[in-house]
file data-v4.txt (compact mmCIF, C-alpha atoms)
# COMPACT_ATOMS: atom_id res chain seq x y z
CA MET F 1276 31.30 87.20 94.85
CA LYS F 1277 30.77 83.50 94.17
CA SER F 1278 33.71 81.37 93.14
CA THR F 1279 34.04 80.03 89.59
CA GLU F 1280 33.60 76.49 90.92
CA THR F 1281 30.25 77.39 92.50
CA LYS F 1282 29.11 79.08 89.30
CA VAL F 1283 29.96 76.02 87.25
CA LEU F 1284 28.09 73.81 89.71
CA GLU F 1285 24.97 75.95 89.39
CA GLN F 1286 25.16 75.86 85.60
CA VAL F 1287 25.50 72.08 85.61
CA VAL F 1288 22.59 71.63 87.97
CA ASP F 1289 20.25 73.84 85.91
CA ASN F 1290 21.31 72.08 82.67
CA ASN F 1291 22.36 75.27 80.87
CA TYR F 1292 26.11 74.75 80.96
CA TYR F 1293 26.48 74.84 77.16
CA ALA F 1294 24.18 77.80 76.57
CA LYS F 1295 26.14 80.82 75.30
CA ASN F 1296 23.16 83.11 74.81
CA GLU F 1297 19.37 83.36 75.08
CA GLU F 1298 18.88 81.54 71.78
CA ASP F 1299 20.85 78.57 73.11
CA LEU F 1300 18.75 78.58 76.28
CA VAL F 1301 15.57 78.33 74.23
CA LYS F 1302 17.03 75.48 72.17
CA ILE F 1303 18.08 73.53 75.26
CA GLN F 1304 14.64 73.88 76.80
CA LYS F 1305 13.02 72.57 73.61
CA VAL F 1306 15.49 69.68 73.48
CA MET F 1307 14.66 68.72 77.05
CA GLU F 1308 10.95 68.55 76.24
CA ASN F 1309 11.74 65.53 74.08
CA TYR F 1310 14.84 64.19 75.77
CA PRO F 1311 15.14 65.10 79.46
CA VAL F 1312 18.31 65.23 81.52
CA LYS F 1313 19.11 62.85 84.32
CA LEU F 1314 22.33 62.64 86.33
CA SER F 1315 23.14 60.28 89.17
CA PRO F 1316 24.63 61.93 92.28
CA TYR F 1317 27.99 60.33 91.51
CA LEU F 1318 28.03 61.59 87.93
CA LYS F 1319 26.97 65.05 89.02
CA GLU F 1320 30.20 65.29 90.99
CA LEU F 1321 32.23 63.95 88.09
CA THR F 1322 30.85 66.60 85.71
CA GLN F 1323 32.59 69.25 87.83
CA THR F 1324 36.03 68.06 86.78
CA SER F 1325 35.61 66.35 83.39
CA GLU F 1326 34.55 67.96 80.13
CA ALA F 1327 34.43 64.48 78.58
CA VAL F 1328 31.77 63.46 81.08
CA ARG F 1329 29.84 66.72 80.78
CA LEU F 1330 29.50 66.35 77.01
CA GLN F 1331 28.01 62.88 77.40
CA TYR F 1332 25.25 63.86 79.82
CA LEU F 1333 24.43 67.57 79.71
CA PRO F 1334 22.04 68.95 77.07
CA HIS F 1335 23.54 70.90 74.20
CA PRO F 1336 21.98 73.47 71.86
CA ASP F 1337 23.33 71.49 68.90
CA GLU F 1338 20.84 68.74 69.76
CA PHE F 1339 18.10 71.03 68.45
CA GLU F 1340 18.99 70.27 64.81
CA SER F 1341 19.15 66.65 63.72
CA TYR F 1342 18.94 64.36 60.70
CA GLY F 1343 18.92 61.19 62.79
CA THR F 1344 16.11 58.86 63.79
CA ALA F 1345 14.59 58.17 67.20
CA THR F 1346 14.89 54.40 66.63
CA PRO F 1347 18.08 53.63 64.66
CA PHE F 1348 18.56 50.00 65.76
CA GLU F 1349 15.44 48.47 67.24
CA GLU F 1350 14.52 45.87 64.63
CA GLY F 1351 13.96 42.97 67.02
CA LYS F 1352 10.98 44.39 68.92
CA LYS F 1353 8.33 42.57 66.86
CA ALA F 1354 9.99 39.17 67.14
CA SER F 1355 8.05 38.34 70.31
CA LYS F 1356 4.61 39.16 71.66
CA THR F 1357 6.10 39.22 75.17
CA TYR F 1358 6.87 42.74 76.33
CA GLY F 1359 10.60 43.24 76.94
CA LEU F 1360 11.79 40.28 74.83
CA GLU F 1361 13.50 40.96 71.49
CA ARG F 1362 15.32 38.86 68.93
CA LEU F 1363 17.25 39.87 65.83
CA TYR F 1364 19.96 37.21 65.55
CA ARG F 1365 19.56 33.45 65.41
CA ASP F 1366 21.66 32.56 68.47
CA ARG F 1367 20.76 35.21 71.06
CA VAL F 1368 17.91 37.19 72.52
CA LEU F 1369 17.70 40.54 74.26
CA ILE F 1370 15.68 41.04 77.45
CA THR F 1371 14.89 44.39 79.04
CA PRO F 1372 13.51 43.89 82.56
CA HIS F 1373 13.94 47.57 83.48
CA PHE F 1374 13.63 50.53 81.09
CA ASP F 1375 15.11 53.38 83.12
CA CYS F 1376 18.72 54.38 83.87
CA PRO F 1377 20.48 56.25 86.71
CA ALA F 1378 21.60 58.79 84.07
CA TYR F 1379 20.71 59.60 80.47
CA CYS F 1380 23.44 59.55 77.80
CA ARG F 1381 22.77 62.13 75.11
CA PHE F 1382 23.78 59.64 72.38
CA CYS F 1383 21.73 56.66 73.62
CA TYR F 1384 20.17 54.79 70.71
CA LYS F 1385 17.29 53.72 72.98
CA LYS F 1386 16.53 57.25 74.16
CA SER F 1387 13.02 57.16 72.65
CA ARG F 1388 12.21 54.33 75.07
CA VAL F 1389 14.50 54.83 78.07
CA MET F 1390 13.64 58.52 78.46
CA ARG F 1391 9.90 57.99 78.04
CA ASN F 1392 9.08 56.32 81.37
CA LYS F 1393 8.39 52.95 79.82
CA PRO F 1394 7.28 50.43 82.44
CA GLY F 1395 9.55 47.54 83.32
CA MET F 1396 8.63 43.93 82.71
CA THR F 1397 6.30 42.34 85.23
CA PHE F 1398 7.30 39.07 86.86
CA GLU F 1399 4.60 37.38 84.77
CA GLU F 1400 6.12 38.81 81.60
CA ILE F 1401 9.53 37.53 82.68
CA ASP F 1402 8.04 34.07 83.17
CA ASN F 1403 6.45 34.21 79.71
CA ALA F 1404 9.72 35.38 78.14
CA VAL F 1405 11.65 32.51 79.71
CA ILE F 1406 9.11 29.96 78.46
CA GLU F 1407 9.39 31.43 74.97
CA ILE F 1408 13.20 31.38 75.08
CA SER F 1409 13.20 27.74 76.17
CA LYS F 1410 11.57 26.85 72.85
CA MET F 1411 14.20 28.70 70.78
CA LYS F 1412 16.61 25.81 70.32
CA GLU F 1413 19.11 27.83 68.26
CA VAL F 1414 19.39 30.47 70.98
CA ARG F 1415 22.26 29.94 73.40
CA GLY F 1416 22.85 33.49 74.63
CA ALA F 1417 20.79 36.08 76.48
CA LEU F 1418 21.70 39.75 76.77
CA VAL F 1419 19.96 41.36 79.74
CA THR F 1420 19.98 45.07 79.06
CA GLY F 1421 17.99 48.23 79.56
CA GLY F 1422 17.62 50.88 80.55
CA ASP F 1423 19.80 49.48 83.26
CA PRO F 1424 18.88 46.14 84.86
CA MET F 1425 20.99 46.90 87.94
CA MET F 1426 18.43 49.52 88.98
CA ASN F 1427 16.16 46.66 90.03
CA PRO F 1428 18.35 43.84 91.36
CA LYS F 1429 15.37 41.87 92.67
CA LYS F 1430 13.84 41.62 89.22
CA LEU F 1431 17.24 41.02 87.59
CA PHE F 1432 18.05 38.11 89.90
CA TYR F 1433 14.57 36.65 89.39
CA LEU F 1434 15.25 36.67 85.63
CA LEU F 1435 18.76 35.23 86.00
CA ASP F 1436 17.46 32.45 88.26
CA LYS F 1437 15.00 31.47 85.52
CA LEU F 1438 17.47 31.74 82.64
CA THR F 1439 20.08 29.54 84.28
CA GLU F 1440 17.49 26.77 84.56
CA LEU F 1441 17.23 26.56 80.75
CA ASP F 1442 19.29 23.89 79.00
CA ASN F 1443 19.77 25.99 75.85
CA ILE F 1444 21.03 29.14 77.61
CA THR F 1445 24.73 28.88 78.43
CA GLU F 1446 25.89 32.47 77.86
CA ILE F 1447 24.41 35.38 79.79
CA ARG F 1448 25.54 38.98 79.48
CA VAL F 1449 24.27 41.81 81.64
CA GLY F 1450 24.61 45.25 80.05
CA SER F 1451 25.01 47.96 82.66
CA ARG F 1452 26.67 51.34 83.09
CA THR F 1453 26.09 51.47 86.83
CA VAL F 1454 29.76 50.78 87.60
CA LEU F 1455 30.20 54.35 86.35
CA THR F 1456 26.88 55.99 87.21
CA ALA F 1457 26.40 54.39 90.64
CA PRO F 1458 29.47 52.37 91.71
CA LYS F 1459 28.20 51.99 95.31
CA VAL F 1460 25.53 49.63 93.96
CA TYR F 1461 28.19 46.92 93.89
CA THR F 1462 28.17 45.71 97.44
CA ASP F 1463 29.80 42.42 98.42
CA GLU F 1464 26.34 40.84 98.61
CA ILE F 1465 25.40 41.96 95.08
CA CYS F 1466 28.73 40.84 93.63
CA ASP F 1467 28.52 37.44 95.33
CA LYS F 1468 25.05 36.93 93.91
CA LEU F 1469 26.15 37.84 90.38
CA ALA F 1470 29.12 35.48 90.64
CA SER F 1471 26.81 32.63 91.67
CA TYR F 1472 25.48 32.45 88.11
CA ILE F 1473 28.86 31.31 86.81
CA LYS F 1474 28.45 27.54 86.72
CA PRO F 1475 31.35 25.64 85.17
CA ASP F 1476 30.99 21.94 84.40
CA PHE F 1477 34.53 20.56 84.27
CA ASN F 1478 33.40 17.08 83.24
CA ASN F 1479 31.09 18.28 80.49
CA PRO F 1480 32.23 21.78 79.47
CA LYS F 1481 29.53 22.20 76.83
CA LYS F 1482 27.07 22.41 79.74
CA SER F 1483 29.01 25.14 81.53
CA GLN F 1484 27.15 28.40 82.05
CA TYR F 1485 28.76 31.79 82.43
CA LEU F 1486 27.77 35.34 83.22
CA ALA F 1487 29.65 38.38 82.01
CA ILE F 1488 28.93 42.08 82.43
CA ASN F 1489 29.16 44.49 79.52
CA VAL F 1490 30.37 47.77 80.99
CA HIS F 1491 30.57 51.11 79.19
CA PHE F 1492 33.51 53.49 79.53
CA ASN F 1493 34.26 56.16 76.95
CA HIS F 1494 37.09 58.18 78.49
CA PRO F 1495 39.95 57.72 80.99
CA ASP F 1496 38.35 60.35 83.26
CA GLU F 1497 35.63 57.83 84.07
CA LEU F 1498 38.05 55.35 85.64
CA THR F 1499 38.02 56.88 89.10
CA PRO F 1500 39.10 55.03 92.28
CA GLU F 1501 35.47 54.33 93.24
CA VAL F 1502 34.68 52.97 89.78
CA LEU F 1503 37.78 50.77 89.60
CA GLU F 1504 37.07 49.41 93.07
CA ALA F 1505 33.57 48.38 91.92
CA CYS F 1506 35.08 46.71 88.84
CA HIS F 1507 37.60 44.83 90.99
CA LYS F 1508 34.83 43.53 93.24
CA LEU F 1509 33.37 41.88 90.15
CA THR F 1510 36.52 40.63 88.41
CA SER F 1511 37.98 39.25 91.66
CA ARG F 1512 34.94 36.98 91.85
CA GLY F 1513 35.54 35.63 88.37
CA ILE F 1514 33.06 37.84 86.52
CA THR F 1515 34.29 38.87 83.09
CA LEU F 1516 33.93 42.58 82.29
CA ARG F 1517 33.79 43.52 78.62
CA ASN F 1518 33.86 47.20 77.78
CA GLN F 1519 31.84 48.77 74.99
CA THR F 1520 33.12 52.19 74.02
CA VAL F 1521 31.22 54.60 71.78
CA LEU F 1522 33.31 56.79 69.48
CA LEU F 1523 32.29 60.37 70.31
CA LYS F 1524 33.41 63.66 68.79
CA ASN F 1525 35.48 65.89 71.08
CA ILE F 1526 35.41 63.21 73.77
CA ASN F 1527 37.52 60.26 72.62
CA ASP F 1528 38.04 60.70 68.87
CA SER F 1529 41.82 60.61 68.99
CA VAL F 1530 44.47 57.91 68.97
CA GLU F 1531 45.90 59.22 72.23
CA THR F 1532 42.63 59.09 74.18
CA MET F 1533 41.45 55.73 72.86
CA SER F 1534 44.82 54.08 73.30
CA HIS F 1535 45.12 55.43 76.85
CA LEU F 1536 41.60 54.26 77.70
CA PHE F 1537 42.11 50.72 76.42
CA LYS F 1538 45.46 50.34 78.19
CA LEU F 1539 43.92 51.47 81.49
CA LEU F 1540 41.06 49.02 81.03
CA LEU F 1541 43.45 46.12 80.43
CA ARG F 1542 45.55 47.00 83.46
CA ASN F 1543 42.40 46.77 85.54
CA ASN F 1544 41.24 43.41 84.15
CA ILE F 1545 38.58 44.85 81.81
CA ILE F 1546 38.48 43.60 78.22
CA PRO F 1547 38.21 46.23 75.44
CA TYR F 1548 35.35 44.54 73.60
CA TYR F 1549 33.68 46.95 71.18
CA MET F 1550 34.50 50.37 69.79
CA ASN F 1551 31.09 51.36 68.43
CA HIS F 1552 30.56 54.13 65.93
CA CYS F 1553 27.91 56.45 67.37
CA MET F 1554 24.58 55.50 65.78
CA PRO F 1555 22.55 58.10 63.86
CA VAL F 1556 20.18 58.60 66.75
CA GLU F 1557 18.08 61.73 66.79
CA ALA F 1558 19.81 64.82 68.24
CA SER F 1559 23.27 63.23 68.43
CA ASP F 1560 24.79 64.69 65.25
CA TYR F 1561 27.18 66.93 67.17
CA LEU F 1562 28.73 63.85 68.81
CA ARG F 1563 29.11 61.73 65.64
CA THR F 1564 32.41 61.45 63.79
CA SER F 1565 32.79 59.84 60.38
CA VAL F 1566 33.17 56.06 60.33
CA GLN F 1567 36.54 56.66 58.64
CA LYS F 1568 37.74 58.60 61.71
CA GLY F 1569 37.19 55.48 63.80
CA LEU F 1570 39.02 53.36 61.25
CA ASP F 1571 42.02 55.69 61.40
CA ILE F 1572 42.12 55.21 65.19
CA TYR F 1573 41.56 51.46 64.84
CA ASN F 1574 44.43 51.10 62.36
CA HIS F 1575 46.79 52.65 64.88
CA LEU F 1576 45.52 50.33 67.61
CA CYS F 1577 46.35 47.39 65.34
CA THR F 1578 50.03 48.31 65.64
CA GLU F 1579 49.90 47.88 69.41
CA SER F 1580 49.43 44.81 71.62
CA SER F 1581 46.64 42.67 70.18
CA THR F 1582 44.83 42.47 73.51
CA ALA F 1583 44.17 46.23 73.31
CA ILE F 1584 42.24 45.96 70.03
CA PRO F 1585 38.44 45.91 70.35
CA HIS F 1586 36.03 45.08 67.54
CA TYR F 1587 35.27 48.27 65.61
CA VAL F 1588 31.68 48.21 64.38
CA TYR F 1589 28.98 50.42 62.97
CA ALA F 1590 25.35 49.38 62.97
CA PRO F 1591 22.92 49.88 60.11
CA SER F 1592 19.43 48.73 61.08
CA GLY F 1593 20.03 45.39 59.35
CA GLY F 1594 22.79 44.35 61.77
CA LYS F 1595 26.29 45.15 63.00
CA VAL F 1596 29.10 45.59 60.47
CA HIS F 1597 32.66 44.84 61.56
CA VAL F 1598 35.35 47.17 60.25
CA GLY F 1599 38.83 45.83 59.58
CA PRO F 1600 42.15 47.49 58.70
CA ASP F 1601 41.56 46.89 54.97
CA THR F 1602 37.92 48.04 54.90
CA GLU F 1603 37.04 50.46 52.11
CA PHE F 1604 33.79 52.40 52.29
CA VAL F 1605 31.40 52.99 49.41
CA TYR F 1606 29.88 56.46 49.73
CA GLU F 1607 26.74 58.00 48.27
CA LYS F 1608 25.13 61.38 48.88
CA ARG F 1609 21.35 61.65 49.07
CA ASP F 1610 19.11 64.48 50.31
CA GLY F 1611 22.15 66.17 51.82
CA LEU F 1612 23.16 63.08 53.80
CA ASP F 1613 26.51 61.29 53.57
CA LEU F 1614 25.62 57.61 53.26
CA ILE F 1615 27.77 54.48 53.43
CA LYS F 1616 26.49 51.64 51.27
CA VAL F 1617 27.30 48.23 52.74
CA LYS F 1618 26.52 44.60 52.10
CA MET F 1619 26.06 42.73 55.37
CA LEU F 1620 26.73 39.14 56.37
CA TYR F 1621 23.13 38.51 57.36
CA ASP F 1622 20.55 36.62 55.28
CA ALA F 1623 17.48 38.64 54.35
CA LYS F 1624 15.15 35.66 54.72
CA GLU F 1625 16.51 34.83 58.17
CA PHE F 1626 16.08 38.46 59.20
CA ARG F 1627 12.42 38.42 58.15
CA ASP F 1628 11.78 35.07 59.84
CA ILE F 1629 13.36 36.07 63.16
CA ALA F 1630 12.36 39.75 63.34
CA LYS F 1631 8.89 38.98 61.93
CA LYS F 1632 8.98 42.09 59.75
CA ASP F 1633 10.31 43.24 56.42
CA LEU F 1634 13.76 44.75 55.97
CA PRO F 1635 14.26 48.21 57.53
CA PRO F 1636 14.05 51.43 55.49
CA MET F 1637 17.06 52.01 53.21
CA HIS F 1638 17.77 48.23 53.17
CA TRP F 1639 17.13 45.66 50.45
CA GLU F 1640 17.86 42.06 49.52
CA THR F 1641 20.73 41.26 47.16
CA GLU F 1642 20.65 38.64 44.41
CA ASP F 1643 22.41 36.14 46.67
CA GLY F 1644 19.95 36.70 49.52
CA LYS F 1645 22.03 38.96 51.77
CA ILE F 1646 21.04 42.31 53.30
CA GLU F 1647 22.42 45.47 51.75
CA GLY F 1648 21.69 48.95 52.96
CA TYR F 1649 22.72 52.48 53.82
CA TYR F 1650 24.18 53.87 57.02
CA ILE F 1651 24.15 57.60 57.78
CA ASP F 1652 27.75 58.69 58.26
CA GLY F 1653 28.88 61.33 60.73
CA ARG F 1654 31.06 64.37 60.05
CA ASP F 1655 34.43 65.47 61.37
CA ASP F 1656 34.04 69.23 60.90
call {"tool": "encode", "arguments": {"input": "data-v4.txt", "output": "structure tokens"}}
result
Amino acid sequence: MKSTETKVLEQVVDNNYYAKNEEDLVKIQKVMENYPVKLSPYLKELTQTSEAVRLQYLPHPDEFESYGTATPFEEGKKASKTYGLERLYRDRVLITPHFDCPAYCRFCYKKSRVMRNKPGMTFEEIDNAVIEISKMKEVRGALVTGGDPMMNPKKLFYLLDKLTELDNITEIRVGSRTVLTAPKVYTDEICDKLASYIKPDFNNPKKSQYLAINVHFNHPDELTPEVLEACHKLTSRGITLRNQTVLLKNINDSVETMSHLFKLLLRNNIIPYYMNHCMPVEASDYLRTSVQKGLDIYNHLCTESSTAIPHYVYAPSGGKVHVGPDTEFVYEKRDGLDLIKVKMLYDAKEFRDIAKKDLPPMHWETEDGKIEGYYIDGRDD
């Protein structure tokens, strides 16, 4: 008779871990037709011991029913004719040199692109993007994201070499989850190369250039010795790590878990940067709490050391909304959906000019020219 551990391993490998019956099996297979499963070898091992990790990566029958959208926050795609270059805000651009990841998060708001085998940028497209960025005088920051750019270091470093030659780009962020999904990627050679893009100018600090890495940890179980060693290789070379956590139901939606996570991050030289409410992405309903649940957690964090408090945000299609301790939500119910009505800080005209499109669905312009809109709330039951 096989051991329980072996049985669990087989279930994880065949992606049916959360299937309780034949009906669930059918649902999971239909889910995977749209949104496949991908686990890195390192994560596959971690799923054996952590339910928090399993829930983030393994398919679930509850994904079969959804009120979300496949593209909840992709409003900057029409801002440029260059493939892989996006712009939504006046002072920063987003560049996606590589559209695949070592593993697929079930709540990823880019899942309609990342899981669809989109090609990466060509070197010619990178050149064209850099030329275009050089003409955007208001832009000072570039977020290199994905997919995961660390899956193609050659292309990433080619892009970084070009960006650091631009006078207007002084702030570069690389968004990657490979410190968790593939920590062995971070060799001494790779870390030294990344650190080389930090270029301080002590005599003229406004010309200093820096590179930071946005990492993504959602639960203390993810901070294994191998992962923390990879993080230390980066921070010991002067690279800032900023963590973006996504609030996820039954994974980290408690004061105890979030507080523990942020304290561990700080003790290992990683800045708690964002606590993001899980976007209303298609098939992620079962992982979405209410925005209020996150505020309850955030209010508790505000009573602790200030360095452990990230920005708590939710993201309607018109732009990020920061939540503070005194935030009060305006609710409406429409077509069975719980909606939060919010007025944003962003100008409607500037949005149209930069994004080169009209305001997103369920958004409109206010009398004073700001963007107002609805955000689909999650549920705590």
call {"tool": "closest_residue", "arguments": {"input": "data-v4.txt", "among": "F:Ala1404, F:Asn1392, F:Pro1424, F:Pro1336", "to": "His1373 (chain F)", "atoms": "all atoms listed in the file"}}
result
F:Pro1424
call {"tool": "atom_distance", "arguments": {"input": "data-v4.txt", "atom1": "CA of Leu1536 (chain F)", "atom2": "CA of Val1556 (chain F)"}}
result
24.4 Å
call {"tool": "residues_around", "arguments": {"input": "data-v4.txt", "residues": "Pro1591 (chain F)", "least_positions_apart": "6", "cutoff": "10 Å", "atoms": "all atoms listed in the file", "output": "ChimeraX atom specification"}}
result
/F:1347-1348,1554-1555,1615-1617,1619,1635,1637-1638,1647-1651
call {"tool": "write_last_selection", "arguments": {"input": "data-v4.txt", "atoms": "C-alpha atoms", "output": "short mmCIF file (atom, residue, chain, number, x, y, z; two decimals), keeping the file's coordinate frame"}}
result
data_model
loop_
_atom_site.label_atom_id
_atom_site.label_comp_id
_atom_site.auth_asym_id
_atom_site.auth_seq_id
_atom_site.Cartn_x
_atom_site.Cartn_y
_atom_site.Cartn_z
CA PRO F 1347 18.08 53.63 64.66
CA PHE F 1348 18.56 50.00 65.76
CA MET F 1554 24.58 55.50 65.78
CA PRO F 1555 22.55 58.10 63.86
CA ILE F 1615 27.77 54.48 53.43
CA LYS F 1616 26.49 51.64 51.27
CA VAL F 1617 27.30 48.23 52.74
CA MET F 1619 26.06 42.73 55.37
CA PRO F 1635 14.26 48.21 57.53
CA MET F 1637 17.06 52.01 53.21
CA HIS F 1638 17.77 48.23 53.17
CA GLU F 1647 22.42 45.47 51.75
CA GLY F 1648 21.69 48.95 52.96
CA TYR F 1649 22.72 52.48 53.82
CA TYR F 1650 24.18 53.87 57.02
CA ILE F 1651 24.15 57.60 57.78
#
call {"tool": "atom_distance", "arguments": {"input": "data-v4.txt", "atom1": "CA of Arg1654 (chain F)", "atom2": "CA of Phe1339 (chain F)"}}
result
16.8 Å
call {"tool": "closest_residue", "arguments": {"input": "data-v4.txt", "among": "F:Cys1506, F:Asn1543, F:Glu1607, F:Thr1499", "to": "Glu1320 (chain F)", "atoms": "only C-alpha atoms"}}
result
F:Thr1499
call {"tool": "residues_around", "arguments": {"input": "data-v4.txt", "residues": "Pro1394 (chain F)", "least_positions_apart": "5", "cutoff": "10 Å", "atoms": "all atoms listed in the file", "output": "list in words"}}
result
Tyr1358, Gly1359, Pro1372, His1373, Phe1374, Asp1375, Arg1388 and Val1389 of chain F
call {"tool": "residues_around", "arguments": {"input": "data-v4.txt", "residues": "Lys1538 (chain F)", "least_positions_apart": "3", "cutoff": "10 Å", "atoms": "only C-alpha atoms", "output": "list in words"}}
result
Pro1495, Met1533, Ser1534, His1535, Leu1541, Arg1542, Asn1543, Ile1545, Ile1546, Pro1547, Ser1580, Thr1582, Ala1583 and Ile1584 of chain F
call {"tool": "closest_residue", "arguments": {"input": "data-v4.txt", "among": "F:Ser1325, F:Gln1304, F:Ser1559, F:Ser1341", "to": "Leu1612 (chain F)", "atoms": "all atoms listed in the file"}}
result
F:Ser1341
call {"tool": "residues_near_point", "arguments": {"input": "data-v4.txt", "point": "(10.8, 38.0, 66.4)", "cutoff": "7 Å", "atoms": "all atoms listed in the file", "output": "list of chain:residue names"}}
result
F:Gly1351, F:Lys1352, F:Lys1353, F:Ala1354, F:Ser1355, F:Glu1361, F:Arg1362, F:Leu1363, F:Ile1629, F:Ala1630, F:Lys1631
call {"tool": "residues_around", "arguments": {"input": "data-v4.txt", "residues": "Glu1464 (chain F)", "least_positions_apart": "6", "cutoff": "12 Å", "atoms": "all atoms listed in the file", "output": "list in words"}}
result
Pro1428, Ala1470, Ser1471, Lys1508, Leu1509 and Arg1512 of chain F
call {"tool": "residues_around", "arguments": {"input": "data-v4.txt", "residues": "Val1566 (chain F)", "least_positions_apart": "3", "cutoff": "12 Å", "atoms": "all atoms listed in the file", "output": "ChimeraX atom specification"}}
result
/F:1521-1524,1528,1550-1555,1563,1569-1573,1587-1591,1596-1599,1602-1606,1613-1615,1650-1655
